[in-house]
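Engineer: For reference, the file model16.csv (CSV, C-alpha atoms) is included below:
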chain,number,residue,atom,x,y,z
A,951,GLY,CA,103.4,77.8,63.7
A,952,HIS,CA,102.4,78.9,67.1
A,953,LEU,CA,104.1,81.2,69.6
A,954,LYS,CA,102.9,81.7,73.2
A,955,ILE,CA,104.4,84.7,74.9
A,956,GLY,CA,104.0,85.9,78.5
A,957,ALA,CA,104.5,89.5,79.3
A,958,ILE,CA,104.4,91.9,82.3
A,959,PHE,CA,102.1,94.9,81.8
A,960,ALA,CA,104.8,97.4,80.9
A,961,ALA,CA,106.1,95.2,78.1
A,962,THR,CA,102.6,95.0,76.5
A,963,SER,CA,102.6,98.7,75.8
A,964,VAL,CA,106.3,99.2,74.9
A,965,VAL,CA,108.2,96.3,73.4
A,966,LEU,CA,105.5,93.8,72.4
A,967,PRO,CA,103.4,95.7,69.8
A,968,GLU,CA,106.3,96.6,67.5
A,969,ALA,CA,107.9,93.1,67.7
A,970,ILE,CA,104.6,91.3,67.1
A,971,ALA,CA,103.9,93.6,64.1
A,972,LEU,CA,107.2,92.8,62.6
A,973,ILE,CA,107.1,89.0,63.0
A,974,LYS,CA,103.5,88.9,61.7
A,975,ALA,CA,104.6,90.9,58.7
A,976,ARG,CA,107.3,88.3,58.0
A,977,SER,CA,105.0,85.3,58.9
A,978,PRO,CA,101.3,86.2,58.5
A,979,LEU,CA,100.2,82.6,59.3
A,980,LEU,CA,102.0,82.5,62.6
A,981,SER,CA,99.5,82.2,65.5
A,982,ILE,CA,100.5,84.3,68.5
A,983,GLU,CA,99.0,84.2,72.0
A,984,VAL,CA,99.9,86.8,74.6
A,985,VAL,CA,99.4,86.1,78.3
A,986,GLU,CA,99.6,89.3,80.4
A,987,GLN,CA,100.4,88.7,84.1
A,988,SER,CA,102.8,89.5,86.9
A,989,SER,CA,106.4,88.1,86.7
A,990,ASP,CA,105.8,85.5,89.4
A,991,HIS,CA,102.9,84.0,87.6
A,992,LEU,CA,104.7,84.0,84.2
A,993,LEU,CA,107.8,82.4,85.6
A,994,ALA,CA,105.7,79.6,87.0
A,995,MET,CA,104.0,79.1,83.6
A,996,LEU,CA,107.4,79.1,81.9
A,997,GLU,CA,108.7,76.5,84.3
A,998,GLN,CA,105.7,74.4,83.5
A,999,ASN,CA,106.4,74.7,79.7
A,1000,LYS,CA,103.1,76.6,79.2
A,1001,LEU,CA,104.9,79.5,77.5
A,1002,ASP,CA,107.7,79.7,74.9
A,1003,LEU,CA,109.3,82.8,76.4
A,1004,ILE,CA,108.3,85.6,78.8
A,1005,ILE,CA,109.2,89.3,79.0
A,1006,GLY,CA,109.5,90.0,82.7
A,1007,ARG,CA,112.1,89.8,85.5
A,1008,PHE,CA,113.3,87.5,88.2
A,1009,THR,CA,111.3,87.5,91.4
A,1010,ASP,CA,113.2,84.9,93.3
A,1011,GLU,CA,116.8,83.8,93.4
A,1012,ARG,CA,116.0,80.2,92.5
A,1013,PHE,CA,114.7,81.3,89.1
A,1014,ALA,CA,118.2,82.3,88.1
A,1015,GLN,CA,119.1,78.6,88.2
A,1016,LEU,CA,116.2,77.8,85.9
A,1017,PHE,CA,116.1,80.5,83.3
A,1018,ASP,CA,118.3,82.6,81.1
A,1019,PHE,CA,117.8,86.4,81.2
A,1020,GLN,CA,118.5,88.9,78.4
A,1021,PRO,CA,117.8,92.5,79.5
A,1022,LEU,CA,115.6,94.7,77.3
A,1023,GLY,CA,115.5,97.9,79.4
A,1024,PRO,CA,114.5,99.5,82.7
A,1025,GLU,CA,110.9,99.9,83.9
A,1026,PRO,CA,110.6,103.3,85.6
A,1027,PHE,CA,107.5,104.0,87.8
A,1028,CYS,CA,105.7,107.2,88.7
A,1029,LEU,CA,103.2,108.2,91.3
A,1030,VAL,CA,100.0,109.4,89.7
A,1031,VAL,CA,96.6,111.0,90.4
A,1032,ASN,CA,93.9,112.3,88.1
A,1033,HIS,CA,94.1,116.0,87.2
A,1034,ARG,CA,91.2,116.9,89.5
A,1035,HIS,CA,92.8,115.4,92.6
A,1036,PRO,CA,93.6,118.0,95.3
A,1037,LEU,CA,97.2,116.7,95.4
A,1038,ALA,CA,97.6,117.6,91.7
A,1039,GLN,CA,97.4,121.3,92.6
A,1040,GLY,CA,100.5,121.8,94.7
A,1041,PRO,CA,103.4,120.5,96.7
A,1042,VAL,CA,102.9,117.1,98.2
A,1043,SER,CA,104.3,115.9,101.5
A,1044,LEU,CA,104.6,112.4,102.7
A,1045,ALA,CA,101.9,113.0,105.2
A,1046,ASP,CA,99.6,114.0,102.4
A,1047,LEU,CA,100.0,110.6,100.8
A,1048,SER,CA,98.5,108.9,103.9
A,1049,GLN,CA,95.2,110.9,103.7
A,1050,TRP,CA,93.9,109.4,100.4
A,1051,PRO,CA,92.9,106.0,99.0
A,1052,TRP,CA,95.3,104.0,96.9
A,1053,VAL,CA,95.1,101.5,94.1
A,1054,LEU,CA,97.8,98.9,94.7
A,1055,TYR,CA,98.9,95.6,93.3
A,1056,PRO,CA,97.7,92.6,95.4
A,1057,VAL,CA,99.5,91.3,98.4
A,1058,GLY,CA,102.0,88.6,97.3
A,1059,THR,CA,102.9,90.2,94.0
A,1060,PRO,CA,106.5,91.3,93.5
A,1061,ILE,CA,105.5,94.9,92.8
A,1062,ARG,CA,103.4,95.0,96.0
A,1063,ALA,CA,106.4,93.8,98.0
A,1064,ARG,CA,108.6,96.6,96.4
A,1065,MET,CA,105.9,99.1,97.2
A,1066,GLU,CA,105.7,98.1,100.9
A,1067,ALA,CA,109.5,98.4,101.1
A,1068,ALA,CA,109.3,101.9,99.5
A,1069,PHE,CA,106.7,103.0,102.1
A,1070,ALA,CA,108.8,101.7,104.9
A,1071,ALA,CA,111.9,103.4,103.5
A,1072,VAL,CA,110.3,106.8,103.9
A,1073,GLY,CA,108.6,106.0,107.3
A,1074,LEU,CA,105.1,105.5,106.0
A,1075,ALA,CA,102.8,102.6,106.9
A,1076,THR,CA,101.3,100.7,103.9
A,1077,PRO,CA,98.0,102.4,103.2
A,1078,ALA,CA,94.9,100.8,104.8
A,1079,ASN,CA,92.4,102.5,102.5
A,1080,THR,CA,93.1,100.5,99.3
A,1081,VAL,CA,91.7,98.8,96.3
A,1082,ASP,CA,93.9,95.9,95.2
A,1083,THR,CA,94.0,94.8,91.5
A,1084,ILE,CA,96.4,93.5,88.9
A,1085,SER,CA,94.2,94.8,86.0
A,1086,MET,CA,95.7,97.9,84.3
A,1087,PRO,CA,92.3,99.0,82.9
A,1088,THR,CA,90.9,98.9,86.5
A,1089,PHE,CA,93.9,100.9,87.7
A,1090,LEU,CA,93.2,103.6,85.1
A,1091,GLN,CA,89.4,103.6,85.6
A,1092,LEU,CA,89.7,103.9,89.4
A,1093,LEU,CA,92.2,106.8,89.0
A,1094,GLN,CA,89.8,108.6,86.7
A,1095,SER,CA,86.7,108.0,88.8
A,1096,GLY,CA,87.9,109.3,92.2
A,1097,PRO,CA,90.7,110.9,94.3
A,1098,MET,CA,92.9,107.8,94.3
A,1099,ILE,CA,96.7,107.5,94.1
A,1100,ALA,CA,98.7,104.8,92.3
A,1101,MET,CA,102.3,103.9,91.5
A,1102,LEU,CA,102.4,102.6,87.9
A,1103,PRO,CA,104.9,102.0,85.1
A,1104,GLU,CA,105.6,105.2,83.2
A,1105,SER,CA,105.0,103.3,80.0
A,1106,MET,CA,101.4,102.5,81.0
A,1107,VAL,CA,100.5,106.1,81.9
A,1108,SER,CA,102.6,108.3,79.5
A,1109,ALA,CA,99.8,109.0,77.1
A,1110,HIS,CA,97.5,110.0,80.0
A,1111,LEU,CA,100.2,112.2,81.5
A,1112,HIS,CA,100.7,113.8,78.1
A,1113,ASN,CA,97.1,114.6,77.5
A,1114,GLY,CA,96.6,115.9,81.0
A,1115,LEU,CA,94.2,113.3,82.4
A,1116,LEU,CA,96.8,112.2,84.9
A,1117,LYS,CA,99.4,114.1,86.8
A,1118,ALA,CA,102.7,112.7,88.2
A,1119,LEU,CA,103.4,113.6,91.8
A,1120,ASP,CA,106.9,114.7,92.9
A,1121,THR,CA,107.5,113.1,96.3
A,1122,PRO,CA,110.3,111.3,98.2
A,1123,LEU,CA,108.3,108.1,97.7
A,1124,GLN,CA,110.1,106.4,94.8
A,1125,LEU,CA,110.2,102.9,93.3
A,1126,ALA,CA,113.6,102.3,91.8
A,1127,PRO,CA,113.4,101.0,88.2
A,1128,LEU,CA,114.4,97.4,87.6
A,1129,ASP,CA,115.4,95.9,84.2
A,1130,TYR,CA,113.0,93.6,82.5
A,1131,GLY,CA,114.0,91.3,79.7
A,1132,ILE,CA,113.5,88.0,77.9
A,1133,LEU,CA,113.4,84.9,80.1
A,1134,THR,CA,113.8,81.4,78.6
A,1135,ARG,CA,114.4,78.0,80.0
A,1136,LYS,CA,118.1,77.1,80.6
A,1137,ASN,CA,119.7,74.5,78.4
A,1138,GLU,CA,116.9,74.7,75.9
A,1139,ARG,CA,118.0,76.1,72.5
A,1140,LEU,CA,115.5,78.5,71.0
A,1141,THR,CA,114.3,77.5,67.6
A,1142,GLY,CA,111.9,78.7,64.9
A,1143,PRO,CA,109.5,81.6,65.8
A,1144,THR,CA,110.7,81.7,69.4
A,1145,ARG,CA,114.2,82.4,68.4
A,1146,GLU,CA,113.2,84.9,65.7
A,1147,PHE,CA,110.9,86.8,68.1
A,1148,ALA,CA,113.7,87.0,70.8
A,1149,GLU,CA,116.1,88.4,68.1
A,1150,ILE,CA,113.5,91.0,67.1
A,1151,LEU,CA,113.0,92.1,70.8
A,1152,LEU,CA,116.7,92.4,71.3
A,1153,GLU,CA,117.2,94.5,68.1
A,1154,PHE,CA,114.4,96.9,69.1
A,1155,ALA,CA,115.9,97.2,72.6
A,1156,ARG,CA,119.3,98.0,71.0
A,1157,GLN,CA,117.7,100.7,68.8
A,1158,ARG,CA,115.9,102.1,71.8
A,1159,ARG,CA,119.1,102.4,73.8
A,1160,ASN,CA,120.8,104.1,70.9
A,1161,GLY,CA,118.0,106.6,70.5
A,1162,GLU,CA,117.1,105.3,67.0
A,1163,ILE,CA,113.5,104.7,68.1
A,1164,ALA,CA,111.4,106.2,70.9
Would you write the structure of this file as structure tokens?

Structural biologist:
Amino acid sequence: GHLKIGAIFAATSVVLPEAIALIKARSPLLSIEVVEQSSDHLLAMLEQNKLDLIIGRFTDERFAQLFDFQPLGPEPFCLVVNHRHPLAQGPVSLADLSQWPWVLYPVGTPIRARMEAAFAAVGLATPANTVDTISMPTFLQLLQSGPMIAMLPESMVSAHLHNGLLKALDTPLQLAPLDYGILTRKNERLTGPTREFAEILLEFARQRRNGEIA
């Protein structure tokens, strides 16, 4: 069989690896393809029948009419710099955030729109000195190579925060977490590997909520 999954970046580091490992242990010959993209791109691919299911979130009200959503968990974000960054050494004001270059998601992506709203909410203009990318490796490489700031999912940077390479900043600039989950086409019954994979994802999410797994 074949299973084609779409996933946002946070999901590829948290919920996907364990679920893929389990279904592959059960069905070693199952071919699995993972497409990593932003939710808006993945929803379009799901609508076009290019994916069996996605792990993401709604980005437009119209999608609620097209897809079923089963929540897996929240996606918290944090504001990070490398450990050598001057802002890593002490208290950070909102004005400080305007003085440094940023790595941001590209204009038109759902996270960029949320970031621009977060800047406006605290009275800051969206930074002009930016590098725009959707590539998580590029985000991390740019953060390590210079004095840049980025707002990223905690799941993507937790290891770097733990080993001290990155530092989270405590500022009033916050991005409220939104739930991500399994999205499938409405009125289309899941069968075979797609149904089994969705069930595995939901069981792991239940265990995570109950504290049975990290």

Engineer: Let me make sure I understand: among A:Phe1027, A:Phe959, A:Phe1017, A:Phe1154, which one has the smallest atom-to-atom distance to Glu997 in chain A if we use all atoms listed in the file?

Structural biologist: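 Using all atoms listed in the file, the shortest distance to Glu997 in chain A belongs to A:Phe1017.
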
Engineer: At what distance in Å, to one decimal, does CA of Asp1129 in chain A lie from CA of Gly1023 in chain A?

Structural biologist: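 CA of Gly1023 in chain A sits 5.2 Å away from CA of Asp1129 in chain A.
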
Engineer: For Arg1158 in chain A, which residue out of A:Pro1024, A:Gly1073, A:Gly1096, A:Gly1040 is the nearest one, using all atoms listed in the file?

Structural biologist: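 Looking only at the distances to Arg1158 in chain A, the closest residue turns out to be A:Pro1024.
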
Engineer: Near range 1056-1067 of chain A, within 10 Å and counting all atoms listed in the file, which residues show up once chain neighbours fewer than 3 positions away are dropped, as a list in words?

Structural biologist: Ser988, Ser989, Asp990, His991, Arg1007, Phe1008, Thr1009, Asp1010, Val1053, Ala1070, Ala1071, Val1072, Gly1073, Leu1074, Ala1075, Thr1076, Pro1077, Thr1080, Val1081, Asp1082, Thr1083, Ile1084, Met1101, Leu1102, Leu1123, Gln1124, Leu1125 and Ala1126 of chain A

Engineer: Smallest atom-to-atom distance to Glu1104 in chain A: which of A:Gly1006, A:Gly951, A:Pro1021, A:Pro1026, using all atoms listed in the file?

Structural biologist: A:Pro1026

Engineer: Output range 1111-1124 of chain A from the block with all heavy atoms, as a compact mmCIF listing (two decimals), in the first residue's frame?

Structural biologist:
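Once everything was written out, this is part.txt:
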# COMPACT_ATOMS: atom_id res chain seq x y z
N LEU A 1111 17.20 24.78 22.67
CA LEU A 1111 17.07 25.52 23.93
C LEU A 1111 17.68 24.72 25.07
O LEU A 1111 18.36 25.27 25.94
CB LEU A 1111 15.59 25.81 24.22
CG LEU A 1111 14.90 26.79 23.28
CD1 LEU A 1111 13.40 26.81 23.54
CD2 LEU A 1111 15.48 28.20 23.41
N HIS A 1112 17.45 23.42 25.04
CA HIS A 1112 17.95 22.56 26.12
C HIS A 1112 19.48 22.52 26.14
O HIS A 1112 20.10 22.53 27.21
CB HIS A 1112 17.38 21.15 25.96
CG HIS A 1112 17.80 20.21 27.05
ND1 HIS A 1112 17.31 20.29 28.34
CD2 HIS A 1112 18.68 19.17 27.04
CE1 HIS A 1112 17.87 19.35 29.08
NE2 HIS A 1112 18.70 18.65 28.32
N ASN A 1113 20.10 22.48 24.94
CA ASN A 1113 21.57 22.39 24.92
C ASN A 1113 22.24 23.76 24.94
O ASN A 1113 23.47 23.84 24.89
CB ASN A 1113 22.06 21.56 23.72
CG ASN A 1113 21.71 22.19 22.38
OD1 ASN A 1113 21.54 23.40 22.25
ND2 ASN A 1113 21.61 21.36 21.34
N GLY A 1114 21.44 24.82 25.00
CA GLY A 1114 22.01 26.15 25.18
C GLY A 1114 22.38 26.88 23.91
O GLY A 1114 22.88 28.01 23.98
N LEU A 1115 22.17 26.29 22.75
CA LEU A 1115 22.52 26.97 21.50
C LEU A 1115 21.58 28.14 21.21
O LEU A 1115 21.98 29.14 20.62
CB LEU A 1115 22.49 25.98 20.33
CG LEU A 1115 23.60 24.93 20.31
CD1 LEU A 1115 23.40 23.96 19.15
CD2 LEU A 1115 24.97 25.60 20.21
N LEU A 1116 20.31 27.99 21.61
CA LEU A 1116 19.34 29.06 21.45
C LEU A 1116 18.82 29.47 22.82
O LEU A 1116 18.85 28.69 23.78
CB LEU A 1116 18.17 28.62 20.57
CG LEU A 1116 18.46 28.29 19.11
CD1 LEU A 1116 17.18 27.86 18.40
CD2 LEU A 1116 19.11 29.46 18.38
N LYS A 1117 18.32 30.70 22.88
CA LYS A 1117 17.73 31.20 24.13
C LYS A 1117 16.38 31.82 23.81
O LYS A 1117 16.24 32.58 22.85
CB LYS A 1117 18.64 32.24 24.77
CG LYS A 1117 18.11 32.79 26.08
CD LYS A 1117 19.10 33.74 26.72
CE LYS A 1117 18.49 34.49 27.90
NZ LYS A 1117 18.18 33.68 29.02
N ALA A 1118 15.38 31.49 24.62
CA ALA A 1118 14.05 32.07 24.46
C ALA A 1118 14.00 33.43 25.15
O ALA A 1118 14.52 33.59 26.27
CB ALA A 1118 12.99 31.14 25.05
N LEU A 1119 13.39 34.40 24.49
CA LEU A 1119 13.27 35.75 25.03
C LEU A 1119 11.91 35.91 25.71
O LEU A 1119 10.89 35.47 25.20
CB LEU A 1119 13.41 36.78 23.92
CG LEU A 1119 14.72 36.76 23.12
CD1 LEU A 1119 14.70 37.88 22.07
CD2 LEU A 1119 15.92 36.90 24.03
N ASP A 1120 11.93 36.58 26.86
CA ASP A 1120 10.70 36.87 27.59
C ASP A 1120 10.26 38.29 27.25
O ASP A 1120 10.85 39.26 27.75
CB ASP A 1120 10.93 36.70 29.09
CG ASP A 1120 9.66 36.92 29.90
OD1 ASP A 1120 8.57 36.95 29.28
OD2 ASP A 1120 9.75 37.07 31.13
N THR A 1121 9.28 38.43 26.37
CA THR A 1121 8.82 39.75 25.95
C THR A 1121 7.29 39.74 25.85
O THR A 1121 6.67 38.67 25.80
CB THR A 1121 9.39 40.15 24.56
OG1 THR A 1121 8.61 39.53 23.54
CG2 THR A 1121 10.84 39.76 24.43
N PRO A 1122 6.68 40.93 25.78
CA PRO A 1122 5.22 40.99 25.59
C PRO A 1122 4.77 40.52 24.21
O PRO A 1122 3.57 40.32 24.00
CB PRO A 1122 4.89 42.48 25.78
CG PRO A 1122 6.07 43.05 26.51
CD PRO A 1122 7.25 42.26 26.06
N LEU A 1123 5.70 40.36 23.27
CA LEU A 1123 5.35 39.90 21.94
C LEU A 1123 5.10 38.39 22.00
O LEU A 1123 6.02 37.61 22.21
CB LEU A 1123 6.47 40.21 20.94
CG LEU A 1123 6.21 39.78 19.50
CD1 LEU A 1123 5.07 40.59 18.89
CD2 LEU A 1123 7.47 39.94 18.65
N GLN A 1124 3.85 38.01 21.84
CA GLN A 1124 3.46 36.60 21.98
C GLN A 1124 2.63 36.17 20.78
O GLN A 1124 1.91 36.97 20.18
CB GLN A 1124 2.64 36.39 23.25
CG GLN A 1124 3.35 36.79 24.53
CD GLN A 1124 4.48 35.85 24.91
OE1 GLN A 1124 4.41 34.66 24.62
NE2 GLN A 1124 5.51 36.37 25.56
